[in-house]
file work_24.cif (mmCIF, C-alpha atoms and all ligand atoms)
data_protein
loop_
_atom_site.label_atom_id
_atom_site.label_comp_id
_atom_site.auth_asym_id
_atom_site.auth_seq_id
_atom_site.Cartn_x
_atom_site.Cartn_y
_atom_site.Cartn_z
CA MET A 1 -14.08 -44.39 -63.45
CA ALA A 2 -16.79 -43.30 -65.84
CA LYS A 3 -18.98 -40.52 -64.53
CA ALA A 4 -22.33 -41.44 -63.03
CA ASP A 5 -24.31 -39.64 -65.73
CA GLN A 6 -22.43 -41.54 -68.45
CA LEU A 7 -23.37 -44.83 -66.84
CA LYS A 8 -27.01 -43.74 -66.50
CA ARG A 9 -27.12 -42.78 -70.18
CA LEU A 10 -25.46 -46.07 -71.12
CA ILE A 11 -28.11 -48.10 -69.30
CA ALA A 12 -30.92 -45.92 -70.65
CA SER A 13 -29.70 -46.62 -74.21
CA TYR A 14 -30.53 -50.33 -73.92
CA GLY A 15 -32.07 -51.57 -77.17
CA ARG A 16 -30.51 -48.77 -79.29
CA PRO A 17 -27.14 -50.21 -80.35
CA ASP A 18 -25.85 -47.11 -82.15
CA GLU A 19 -26.48 -44.89 -79.15
CA PHE A 20 -25.10 -47.55 -76.77
CA ARG A 21 -21.95 -47.79 -78.87
CA ALA A 22 -21.46 -44.03 -78.98
CA ILE A 23 -21.72 -43.65 -75.20
CA ALA A 24 -19.51 -46.66 -74.55
CA THR A 25 -16.91 -45.29 -76.99
CA LYS A 26 -16.90 -42.00 -75.09
CA ILE A 27 -16.32 -43.86 -71.80
CA ILE A 28 -13.44 -45.81 -73.38
CA GLU A 29 -11.84 -42.62 -74.75
CA ASP A 30 -12.09 -40.97 -71.32
CA GLU A 31 -10.43 -43.95 -69.65
CA HIS A 32 -7.68 -43.90 -72.28
CA ARG A 33 -7.10 -40.21 -71.71
CA LYS A 34 -6.82 -40.80 -67.97
CA GLY A 35 -4.01 -43.29 -68.66
CA HIS A 36 -6.05 -46.42 -67.90
CA ILE A 37 -4.70 -48.06 -71.03
CA PRO A 38 -5.26 -51.80 -70.26
CA LEU A 39 -8.82 -51.05 -69.04
CA ALA A 40 -9.57 -49.00 -72.16
CA ALA A 41 -8.22 -51.76 -74.39
CA ALA A 42 -10.27 -54.42 -72.57
CA LEU A 43 -13.43 -52.33 -72.81
CA ARG A 44 -12.83 -51.76 -76.52
CA ARG A 45 -12.46 -55.51 -77.11
CA THR A 46 -15.65 -56.20 -75.14
CA LEU A 47 -17.57 -53.56 -77.05
CA ASP A 48 -16.37 -54.82 -80.42
CA ALA A 49 -17.21 -58.40 -79.52
CA HIS A 50 -20.69 -57.66 -78.20
CA VAL A 51 -22.14 -54.61 -79.91
CA ARG A 52 -21.91 -54.04 -83.62
CA ALA A 53 -23.07 -50.67 -84.99
CA GLY A 54 -26.68 -50.82 -86.13
CA VAL A 55 -27.12 -54.43 -85.03
CA ASP A 56 -28.80 -55.40 -81.81
CA THR A 57 -26.56 -58.31 -80.96
CA LEU A 58 -28.50 -58.76 -77.76
CA THR A 59 -30.99 -60.83 -79.70
CA THR A 60 -28.54 -62.29 -82.20
CA PRO A 61 -26.41 -65.35 -81.41
CA ARG A 62 -22.76 -64.45 -81.48
CA SER A 63 -19.32 -65.87 -81.00
CA SER A 64 -18.53 -67.95 -77.95
CA SER A 65 -17.58 -66.13 -74.80
CA PRO A 66 -18.51 -66.49 -71.16
CA GLY A 67 -19.07 -62.73 -71.45
CA GLY A 68 -22.40 -63.73 -73.00
CA LEU A 69 -23.55 -64.61 -69.50
CA VAL A 70 -24.44 -61.05 -68.82
CA ASN A 71 -26.15 -60.01 -72.00
CA ALA A 72 -29.57 -58.49 -71.58
CA GLU A 73 -31.43 -61.22 -73.45
CA ASN A 74 -30.44 -63.59 -70.69
CA LEU A 75 -32.03 -61.42 -68.08
CA THR A 76 -35.50 -61.60 -69.57
CA ASP A 77 -35.69 -65.09 -71.09
CA PRO A 78 -38.27 -67.24 -69.25
CA ALA A 79 -36.00 -70.29 -69.73
CA LEU A 80 -33.69 -68.70 -67.17
CA GLU A 81 -35.62 -70.25 -64.32
CA LEU A 82 -34.57 -73.65 -65.71
CA VAL A 83 -30.80 -73.12 -65.74
CA ASP A 84 -27.93 -71.92 -63.61
CA ILE A 85 -25.37 -70.09 -65.72
CA LEU A 86 -21.80 -70.22 -64.52
CA GLU A 87 -18.50 -68.99 -65.77
CA PRO A 88 -16.33 -72.09 -65.37
CA LYS A 89 -13.17 -71.65 -63.31
CA ARG A 90 -11.43 -75.03 -63.10
CA GLY A 91 -9.58 -76.58 -66.04
CA LEU A 92 -7.77 -79.83 -66.87
CA ALA A 93 -4.96 -79.03 -64.42
CA GLU A 94 -7.44 -79.26 -61.53
CA ILE A 95 -8.99 -82.64 -62.26
CA VAL A 96 -7.65 -86.18 -61.95
CA LEU A 97 -8.89 -88.35 -64.80
CA SER A 98 -8.44 -92.01 -65.67
CA GLN A 99 -6.67 -92.67 -68.98
CA GLU A 100 -10.00 -93.60 -70.55
CA ALA A 101 -11.69 -90.38 -69.40
CA ARG A 102 -8.74 -88.21 -70.44
CA ALA A 103 -8.67 -89.77 -73.90
CA ALA A 104 -12.41 -89.16 -74.34
CA PHE A 105 -12.12 -85.55 -73.17
CA ASP A 106 -9.08 -84.83 -75.36
CA ARG A 107 -10.90 -86.19 -78.40
CA LEU A 108 -14.02 -84.15 -77.71
CA LEU A 109 -12.02 -80.98 -77.06
CA GLU A 110 -10.00 -81.39 -80.24
CA GLU A 111 -13.07 -82.02 -82.41
CA GLN A 112 -14.81 -79.00 -80.87
CA ARG A 113 -11.79 -76.75 -81.35
CA ARG A 114 -11.39 -77.86 -84.97
CA ALA A 115 -15.10 -78.17 -85.67
CA ASP A 116 -15.02 -76.03 -88.81
CA GLU A 117 -12.42 -78.28 -90.44
CA LEU A 118 -14.53 -81.36 -89.75
CA ARG A 119 -17.78 -79.74 -90.88
CA ARG A 120 -16.16 -78.66 -94.13
CA HIS A 121 -15.80 -82.37 -94.88
CA GLY A 122 -19.45 -82.99 -94.03
CA LEU A 123 -18.60 -84.72 -90.75
CA THR A 124 -20.45 -84.33 -87.47
CA VAL A 125 -18.52 -83.06 -84.51
CA ARG A 126 -18.41 -84.92 -81.18
CA SER A 127 -20.67 -82.99 -78.85
CA LYS A 128 -22.60 -85.35 -76.56
CA LEU A 129 -21.10 -86.95 -73.51
CA LEU A 130 -22.66 -89.20 -70.88
CA LEU A 131 -20.86 -89.39 -67.52
CA CYS A 132 -21.66 -92.27 -65.13
CA GLY A 133 -20.37 -93.20 -61.71
CA PRO A 134 -20.63 -92.82 -57.97
CA PRO A 135 -20.93 -89.49 -56.12
CA GLY A 136 -17.92 -87.25 -55.60
CA CYS A 137 -15.83 -88.69 -58.43
CA GLY A 138 -15.79 -85.78 -60.83
CA LYS A 139 -18.88 -85.82 -63.07
CA THR A 140 -20.00 -82.26 -62.29
CA LEU A 141 -16.39 -81.08 -62.15
CA SER A 142 -15.84 -82.58 -65.63
CA ALA A 143 -18.66 -80.47 -67.06
CA GLU A 144 -16.99 -77.37 -65.61
CA VAL A 145 -13.57 -78.41 -66.93
CA ILE A 146 -14.85 -79.01 -70.46
CA ALA A 147 -16.64 -75.65 -70.46
CA ARG A 148 -13.48 -73.96 -69.20
CA GLU A 149 -11.26 -75.64 -71.78
CA LEU A 150 -13.62 -74.58 -74.57
CA ASP A 151 -14.07 -71.11 -73.09
CA LEU A 152 -17.84 -71.56 -73.03
CA PRO A 153 -20.39 -70.75 -70.34
CA LEU A 154 -21.70 -73.69 -68.33
CA LEU A 155 -25.48 -73.99 -68.30
CA THR A 156 -26.58 -76.44 -65.62
CA ALA A 157 -30.21 -77.51 -65.90
CA LYS A 158 -32.17 -77.17 -62.66
CA THR A 159 -33.61 -80.67 -62.63
CA ASP A 160 -36.12 -79.92 -59.86
CA MET A 161 -37.54 -77.02 -61.89
CA LEU A 162 -37.64 -79.06 -65.09
CA ILE A 163 -39.70 -81.83 -63.62
CA SER A 164 -43.29 -80.81 -63.17
CA SER A 165 -46.25 -82.69 -61.82
CA LEU A 166 -48.41 -80.98 -64.45
CA LEU A 167 -49.21 -83.19 -67.38
CA GLY A 168 -47.05 -82.31 -70.37
CA GLN A 169 -45.19 -79.57 -68.53
CA THR A 170 -41.89 -81.44 -68.10
CA ALA A 171 -41.58 -82.05 -71.85
CA SER A 172 -42.34 -78.42 -72.60
CA ASN A 173 -39.81 -77.29 -69.97
CA LEU A 174 -37.22 -79.48 -71.66
CA ARG A 175 -38.08 -77.93 -75.01
CA ARG A 176 -37.62 -74.43 -73.56
CA LEU A 177 -34.30 -75.46 -72.05
CA PHE A 178 -32.96 -76.98 -75.28
CA ASP A 179 -34.19 -74.00 -77.33
CA TYR A 180 -32.36 -71.67 -74.94
CA ALA A 181 -29.17 -73.73 -75.06
CA THR A 182 -29.10 -74.06 -78.84
CA ARG A 183 -29.33 -70.30 -79.27
CA ARG A 184 -25.86 -69.75 -77.83
CA PRO A 185 -22.53 -71.58 -77.77
CA CYS A 186 -22.42 -73.26 -74.38
CA VAL A 187 -21.97 -76.47 -72.44
CA LEU A 188 -25.42 -77.69 -71.43
CA PHE A 189 -25.17 -79.93 -68.37
CA LEU A 190 -28.03 -82.25 -67.43
CA ASP A 191 -27.23 -83.52 -63.94
CA GLU A 192 -29.25 -86.30 -62.28
CA PHE A 193 -30.03 -87.44 -65.79
CA ASP A 194 -31.74 -90.60 -64.49
CA ALA A 195 -34.59 -88.42 -63.24
CA LEU A 196 -35.37 -87.48 -66.86
CA ALA A 197 -34.27 -90.53 -68.80
CA ARG A 198 -35.56 -93.39 -66.65
CA SER A 199 -36.31 -96.62 -68.45
CA ARG A 200 -39.72 -96.56 -70.13
CA THR A 201 -40.13 -100.28 -69.50
CA ASP A 202 -40.05 -99.88 -65.71
CA SER A 203 -43.35 -101.41 -64.70
CA GLY A 204 -44.05 -98.65 -62.18
CA GLU A 205 -43.61 -95.86 -64.73
CA HIS A 206 -46.60 -94.07 -66.14
CA ASN A 207 -47.36 -92.61 -69.54
CA GLU A 208 -46.12 -89.13 -68.66
CA LEU A 209 -42.60 -90.48 -68.13
CA ARG A 210 -42.76 -92.26 -71.48
CA ARG A 211 -43.69 -88.97 -73.12
CA VAL A 212 -40.83 -87.17 -71.38
CA VAL A 213 -38.28 -89.79 -72.44
CA ASN A 214 -39.57 -89.78 -76.02
CA SER A 215 -39.30 -85.99 -76.20
CA LEU A 216 -35.87 -86.06 -74.60
CA LEU A 217 -34.58 -88.57 -77.16
CA GLY A 218 -35.76 -86.32 -79.98
CA MET A 219 -34.21 -83.24 -78.40
CA ILE A 220 -30.87 -84.93 -77.89
CA ASP A 221 -30.92 -86.08 -81.53
CA ARG A 222 -31.67 -82.56 -82.71
CA PHE A 223 -29.11 -80.90 -80.40
CA LYS A 224 -26.78 -79.46 -83.02
CA SER A 225 -25.62 -76.39 -81.17
CA ARG A 226 -22.07 -75.07 -81.42
CA GLY A 227 -21.47 -76.45 -78.00
CA VAL A 228 -21.56 -79.59 -75.92
CA LEU A 229 -24.29 -81.55 -74.18
CA ILE A 230 -23.16 -83.40 -71.07
CA ALA A 231 -25.44 -85.65 -69.02
CA ALA A 232 -24.47 -87.23 -65.69
CA THR A 233 -25.92 -89.95 -63.53
CA ASN A 234 -24.95 -92.18 -60.66
CA LEU A 235 -27.88 -94.49 -61.40
CA GLU A 236 -26.84 -95.64 -64.85
CA THR A 237 -28.65 -98.97 -64.63
CA THR A 238 -32.00 -97.16 -64.52
CA LEU A 239 -31.47 -95.29 -67.79
CA ASP A 240 -33.64 -96.08 -70.77
CA ASP A 241 -31.90 -98.39 -73.29
CA ALA A 242 -32.43 -95.95 -76.15
CA ILE A 243 -30.47 -93.21 -74.36
CA TRP A 244 -27.02 -94.73 -74.62
CA ARG A 245 -26.52 -94.56 -78.38
CA ARG A 246 -27.52 -90.88 -78.45
CA PHE A 247 -24.15 -89.99 -76.90
CA ASP A 248 -20.84 -89.87 -78.76
CA ASP A 249 -18.98 -91.12 -75.70
CA VAL A 250 -19.89 -92.67 -72.36
CA VAL A 251 -17.30 -92.12 -69.63
CA HIS A 252 -17.34 -94.16 -66.43
CA PHE A 253 -16.00 -92.64 -63.23
CA SER A 254 -15.05 -94.51 -60.09
CA THR A 255 -13.31 -94.01 -56.79
CA PRO A 256 -9.62 -93.38 -57.43
CA CYS A 257 -6.94 -96.09 -57.55
CA ALA A 258 -3.65 -95.59 -55.66
CA GLU A 259 -1.99 -93.77 -58.54
CA GLU A 260 -4.97 -91.43 -58.93
CA ILE A 261 -5.07 -90.73 -55.17
CA GLY A 262 -1.40 -89.75 -55.40
CA ARG A 263 -2.08 -87.35 -58.28
CA HIS A 264 -5.05 -85.87 -56.45
CA LEU A 265 -2.99 -85.26 -53.28
CA SER A 266 -0.32 -83.50 -55.33
CA ILE A 267 -2.95 -81.10 -56.66
CA LEU A 268 -4.53 -80.54 -53.25
CA PHE A 269 -1.20 -79.87 -51.52
CA LYS A 270 0.28 -77.84 -54.38
CA ASN A 271 0.28 -74.71 -52.23
CA PHE A 272 0.60 -76.28 -48.76
CA PRO A 273 3.83 -77.87 -47.51
CA VAL A 274 3.64 -81.25 -45.75
CA ASN A 275 6.33 -82.67 -43.47
CA PHE A 276 5.79 -86.28 -44.58
CA GLN A 277 5.73 -88.25 -47.83
CA LEU A 278 2.25 -87.99 -49.35
CA ALA A 279 2.72 -91.51 -50.73
CA THR A 280 2.60 -92.91 -47.18
CA VAL A 281 -1.05 -91.88 -46.70
CA VAL A 282 -2.25 -93.15 -50.08
CA PRO A 283 -3.18 -96.66 -48.85
CA LYS A 284 -5.24 -95.14 -46.02
CA LEU A 285 -7.43 -93.36 -48.56
CA ALA A 286 -8.41 -96.48 -50.52
CA GLY A 287 -12.13 -96.47 -51.26
CA PHE A 288 -12.54 -92.74 -50.59
CA SER A 289 -14.08 -90.63 -53.33
CA TYR A 290 -12.21 -87.60 -54.65
CA ALA A 291 -14.64 -85.39 -52.76
CA ASP A 292 -13.84 -87.31 -49.51
CA ILE A 293 -10.09 -86.95 -50.13
CA GLU A 294 -10.51 -83.25 -50.75
CA ARG A 295 -12.44 -82.86 -47.48
CA VAL A 296 -9.78 -84.81 -45.53
CA SER A 297 -6.98 -82.75 -47.05
CA GLN A 298 -8.72 -79.45 -46.38
CA ASP A 299 -9.39 -80.47 -42.77
CA ALA A 300 -5.72 -81.35 -42.29
CA ILE A 301 -4.63 -78.07 -43.90
CA LYS A 302 -7.05 -76.07 -41.73
CA THR A 303 -5.81 -77.79 -38.57
CA SER A 304 -2.22 -76.95 -39.41
CA ILE A 305 -3.13 -73.32 -40.08
CA LEU A 306 -5.15 -73.00 -36.87
CA LYS A 307 -2.31 -74.59 -34.88
CA LYS A 308 0.08 -72.16 -36.56
CA ARG A 309 2.28 -74.93 -37.96
CA LYS A 310 4.59 -74.30 -40.89
CA SER A 311 3.47 -77.49 -42.60
CA VAL A 312 0.78 -80.17 -42.41
CA THR A 313 1.82 -83.12 -40.24
CA GLU A 314 0.98 -86.78 -40.70
CA THR A 315 -0.87 -86.65 -37.37
CA ASP A 316 -3.13 -83.85 -38.67
CA PHE A 317 -3.79 -85.95 -41.76
CA ALA A 318 -4.52 -89.12 -39.79
CA ALA A 319 -6.98 -87.24 -37.55
CA ALA A 320 -8.76 -85.86 -40.61
CA ILE A 321 -9.02 -89.35 -42.15
CA LYS A 322 -10.47 -90.66 -38.90
CA SER A 323 -13.20 -88.06 -38.80
CA GLN A 324 -14.01 -88.60 -42.50
CA THR A 325 -14.19 -92.38 -41.96
CA GLY A 326 -16.79 -91.80 -39.28
CA ARG A 327 -18.87 -89.70 -41.67
CA SER A 328 -18.98 -92.14 -44.58
CA ALA A 329 -18.56 -95.56 -42.99
CA PRO A 330 -21.80 -97.07 -44.34
CA ARG A 331 -20.85 -96.39 -47.96
CA ARG A 332 -17.32 -97.70 -47.62
CA ARG A 333 -18.30 -100.83 -45.73
CA ASP A 334 -19.37 -102.35 -49.05
CA ARG A 335 -16.76 -100.63 -51.12
CA ASN A 336 -14.96 -102.22 -53.99
CA SER A 337 -11.57 -100.58 -53.78
CA ARG A 338 -9.30 -100.65 -56.84
CA THR A 339 -5.94 -100.33 -55.08
N1 LIG B 401 -11.64 -86.51 -60.48
C1 LIG B 401 -11.50 -85.48 -59.64
N2 LIG B 401 -10.36 -84.76 -59.64
C2 LIG B 401 -10.19 -83.72 -58.78
N3 LIG B 401 -11.14 -83.32 -57.88
C3 LIG B 401 -12.29 -83.99 -57.86
C4 LIG B 401 -12.54 -85.10 -58.73
N4 LIG B 401 -13.77 -85.57 -58.48
C5 LIG B 401 -14.29 -84.81 -57.52
N5 LIG B 401 -13.41 -83.85 -57.13
C6 LIG B 401 -13.65 -82.84 -56.09
O1 LIG B 401 -14.85 -83.18 -55.42
C7 LIG B 401 -15.87 -82.20 -55.68
C8 LIG B 401 -17.20 -82.90 -55.92
O2 LIG B 401 -17.13 -83.67 -57.10
P1 LIG B 401 -18.25 -83.66 -58.23
O3 LIG B 401 -19.29 -82.65 -57.88
O4 LIG B 401 -17.61 -83.52 -59.56
O5 LIG B 401 -18.86 -85.11 -58.03
P2 LIG B 401 -19.98 -85.84 -58.86
O6 LIG B 401 -19.34 -87.04 -59.50
O7 LIG B 401 -20.67 -84.89 -59.74
O8 LIG B 401 -20.94 -86.35 -57.68
P3 LIG B 401 -22.55 -86.46 -57.60
O9 LIG B 401 -22.91 -87.78 -58.23
O10 LIG B 401 -22.81 -86.44 -56.12
O11 LIG B 401 -23.13 -85.28 -58.30
C9 LIG B 401 -15.37 -81.45 -56.90
O12 LIG B 401 -15.88 -80.13 -56.93
C10 LIG B 401 -13.89 -81.49 -56.73
O13 LIG B 401 -13.46 -80.47 -55.84
MG MG B 402 -22.56 -84.01 -59.65
#
call {"tool": "encode", "arguments": {"input": "work_24.cif", "output": "structure tokens"}}
result
Amino acid sequence: MAKADQLKRLIASYGRPDEFRAIATKIIEDEHRKGHIPLAAALRRTLDAHVRAGVDTLTTPRSSSPGGLVNAENLTDPALELVDILEPKRGLAEIVLSQEARAAFDRLLEEQRRADELRRHGLTVRSKLLLCGPPGCGKTLSAEVIARELDLPLLTAKTDMLISSLLGQTASNLRRLFDYATRRPCVLFLDEFDALARSRTDSGEHNELRRVVNSLLGMIDRFKSRGVLIAATNLETTLDDAIWRRFDDVVHFSTPCAEEIGRHLSILFKNFPVNFQLATVVPKLAGFSYADIERVSQDAIKTSILKKRKSVTETDFAAAIKSQTGRSAPRRRDRNSRT
């Protein structure tokens, strides 16, 4: 490892790129000499990507990389209180999507990956996605997956911090958030979008909300970052009419059908053997959300581990379903299952 004094000097050189680069280069050479070749190579790549000689890239937008999460600009920007920044972990292999959703995601991902080709022809690139549907069906997970597939950081707006009781403050918070997000390649995720984009014609809504929605519409129109804007809601009927056409695609999520439950179980039990056919439990999970199915499966897996079994039994699974049914009975009483 680098010596303590080298690290101290490195931190103290913040703001002076040439000095920072020289000290970092010395650390890399030392690691190389000690035989830590992969580490030295990785550090060299990081240095080259983030710090150019004579240029303070800390205040200059640069190429896309979740590594940007930790640059020093981020640490001091006041907009930080309005977002959570995450390095996305889960990709397309970890999500079950309907054909419609998969087609929309594939199209967006392809246009984003080949954005330069499209822009050369004067075309705009798909970059705005609205996700609707009930809880636990993959809206938030989709934002993570898209960020992961594009190798971009995921910026999730903190809706509670955005919305202020002070007159005019919510619109200015939104402006700060959008300014922040357009300065770097990222996926900007606006969860609970209905709280920001509620219909302006709702009789109970006051002028402040109208102002917020008007500003939001303008900001979405102007969002031209090298990244993606994703909004999600489970109250789509309350959204303002003018919101819908601002998005390139609207994707509807719902509780999984039998085939989707089967695919989800295969993912969940990828690393855990079961001593029964997963297909036999599919009908018992009709009307459950993906989040419910995940909870049931994890409960069954935990039981089998705690009971020191070699595999999950159908009895473990049935017990887990029973306890989940008790938890969410009110919602599923009026369910509209698609099996
Ligand atoms: N389509 C899916 N495929 C695989 N796993 C899923 C899917 N949907 C949900 N899950 C699992 O359930 C968890 C919760 O789902 P998620 O947060 O995406 O729901 P949501 O639609 O955003 O719900 P809410 O409206 O409550 O915010 C996910 O982190 C994931 O583990
Ligand atoms: Mg969510």
call {"tool": "residues_around", "arguments": {"input": "work_24.cif", "residues": "segment 136-149 of chain A", "least_positions_apart": "4", "cutoff": "6 Å", "atoms": "all atoms listed in the file", "output": "NGL selection string"}}
result
:A and (88 or 90-92 or 154 or 187 or 289-291)
call {"tool": "closest_residue", "arguments": {"input": "work_24.cif", "among": "A:Gly15, A:Pro153, A:Gly133, A:Pro185", "to": "ligand MG 402 (chain B)", "atoms": "only C-alpha atoms and all ligand atoms"}}
result
A:Gly133
call {"tool": "closest_residue", "arguments": {"input": "work_24.cif", "among": "A:Gln298, A:Leu150, A:Ile85, A:Asp5", "to": "Asp106 of chain A", "atoms": "all atoms listed in the file"}}
result
A:Leu150
call {"tool": "residues_around", "arguments": {"input": "work_24.cif", "residues": "segment 311-327 of chain A", "least_positions_apart": "6", "cutoff": "10 Å", "atoms": "all atoms listed in the file", "output": "list in words"}}
result
Phe269, Phe272, Pro273, Val274, Asn275, Phe276, Gln277, Leu278, Thr280, Val281, Lys284, Leu285, Phe288, Asp292, Ile293, Arg295, Val296, Ser297, Gln298, Asp299, Ala300, Ile301, Lys302, Thr303, Ser304 and Ile305 of chain A
call {"tool": "atom_distance", "arguments": {"input": "work_24.cif", "atom1": "atom C1 of ligand LIG 401 (chain B)", "atom2": "atom CA of Arg113 of chain A"}}
result
23.4 Å
call {"tool": "residues_near_point", "arguments": {"input": "work_24.cif", "point": "(-7.9, -95.0, -58.0)", "cutoff": "9 Å", "atoms": "only C-alpha atoms", "output": "PyMOL selection string"}}
result
chain A and resi 98+254-262+286-287+289+337-339
call {"tool": "write_last_selection", "arguments": {"input": "work_24.cif", "atoms": "C-alpha atoms", "output": "PDB file, in the frame of the given file"}}
result
ATOM      1  CA  SER A  98      -8.440 -92.010 -65.670  1.00  0.00           C
ATOM      2  CA  SER A 254     -15.050 -94.510 -60.090  1.00  0.00           C
ATOM      3  CA  THR A 255     -13.310 -94.010 -56.790  1.00  0.00           C
ATOM      4  CA  PRO A 256      -9.620 -93.380 -57.430  1.00  0.00           C
ATOM      5  CA  CYS A 257      -6.940 -96.090 -57.550  1.00  0.00           C
ATOM      6  CA  ALA A 258      -3.650 -95.590 -55.660  1.00  0.00           C
ATOM      7  CA  GLU A 259      -1.990 -93.770 -58.540  1.00  0.00           C
ATOM      8  CA  GLU A 260      -4.970 -91.430 -58.930  1.00  0.00           C
ATOM      9  CA  ILE A 261      -5.070 -90.730 -55.170  1.00  0.00           C
ATOM     10  CA  GLY A 262      -1.400 -89.750 -55.400  1.00  0.00           C
ATOM     11  CA  ALA A 286      -8.410 -96.480 -50.520  1.00  0.00           C
ATOM     12  CA  GLY A 287     -12.130 -96.470 -51.260  1.00  0.00           C
ATOM     13  CA  SER A 289     -14.080 -90.630 -53.330  1.00  0.00           C
ATOM     14  CA  SER A 337     -11.570-100.580 -53.780  1.00  0.00           C
ATOM     15  CA  ARG A 338      -9.300-100.650 -56.840  1.00  0.00           C
ATOM     16  CA  THR A 339      -5.940-100.330 -55.080  1.00  0.00           C
TER      17      THR A 339
END
call {"tool": "closest_residue", "arguments": {"input": "work_24.cif", "among": "A:Leu209, A:Ile267, A:Ala181, A:Leu130", "to": "ligand LIG 401 (chain B)", "atoms": "only C-alpha atoms and all ligand atoms"}}
result
A:Ile267
call {"tool": "closest_residue", "arguments": {"input": "work_24.cif", "among": "A:Val228, A:Val250, A:Leu190, A:Val96", "to": "ligand LIG 401 (chain B)", "atoms": "all atoms listed in the file"}}
result
A:Val96
call {"tool": "residues_near_point", "arguments": {"input": "work_24.cif", "point": "(-37.4, -69.3, -73.4)", "cutoff": "12 Å", "atoms": "only C-alpha atoms", "output": "list of chain:residue names"}}
result
A:Glu73, A:Asn74, A:Leu75, A:Thr76, A:Asp77, A:Pro78, A:Ala79, A:Leu80, A:Glu81, A:Leu82, A:Val83, A:Ser172, A:Asn173, A:Leu174, A:Arg175, A:Arg176, A:Leu177, A:Phe178, A:Asp179, A:Tyr180, A:Ala181, A:Thr182, A:Arg183
call {"tool": "closest_residue", "arguments": {"input": "work_24.cif", "among": "A:Asn207, A:Thr233, A:Gln6, A:Asn214", "to": "ligand MG 402 (chain B)", "atoms": "all atoms listed in the file"}}
result
A:Thr233
call {"tool": "atom_distance", "arguments": {"input": "work_24.cif", "atom1": "atom MG of ligand MG 402 (chain B)", "atom2": "atom CA of Arg126 of chain A"}}
result
21.9 Å
call {"tool": "atom_distance", "arguments": {"input": "work_24.cif", "atom1": "atom CA of Leu97 of chain A", "atom2": "atom C10 of ligand LIG 401 (chain B)"}}
result
11.7 Å
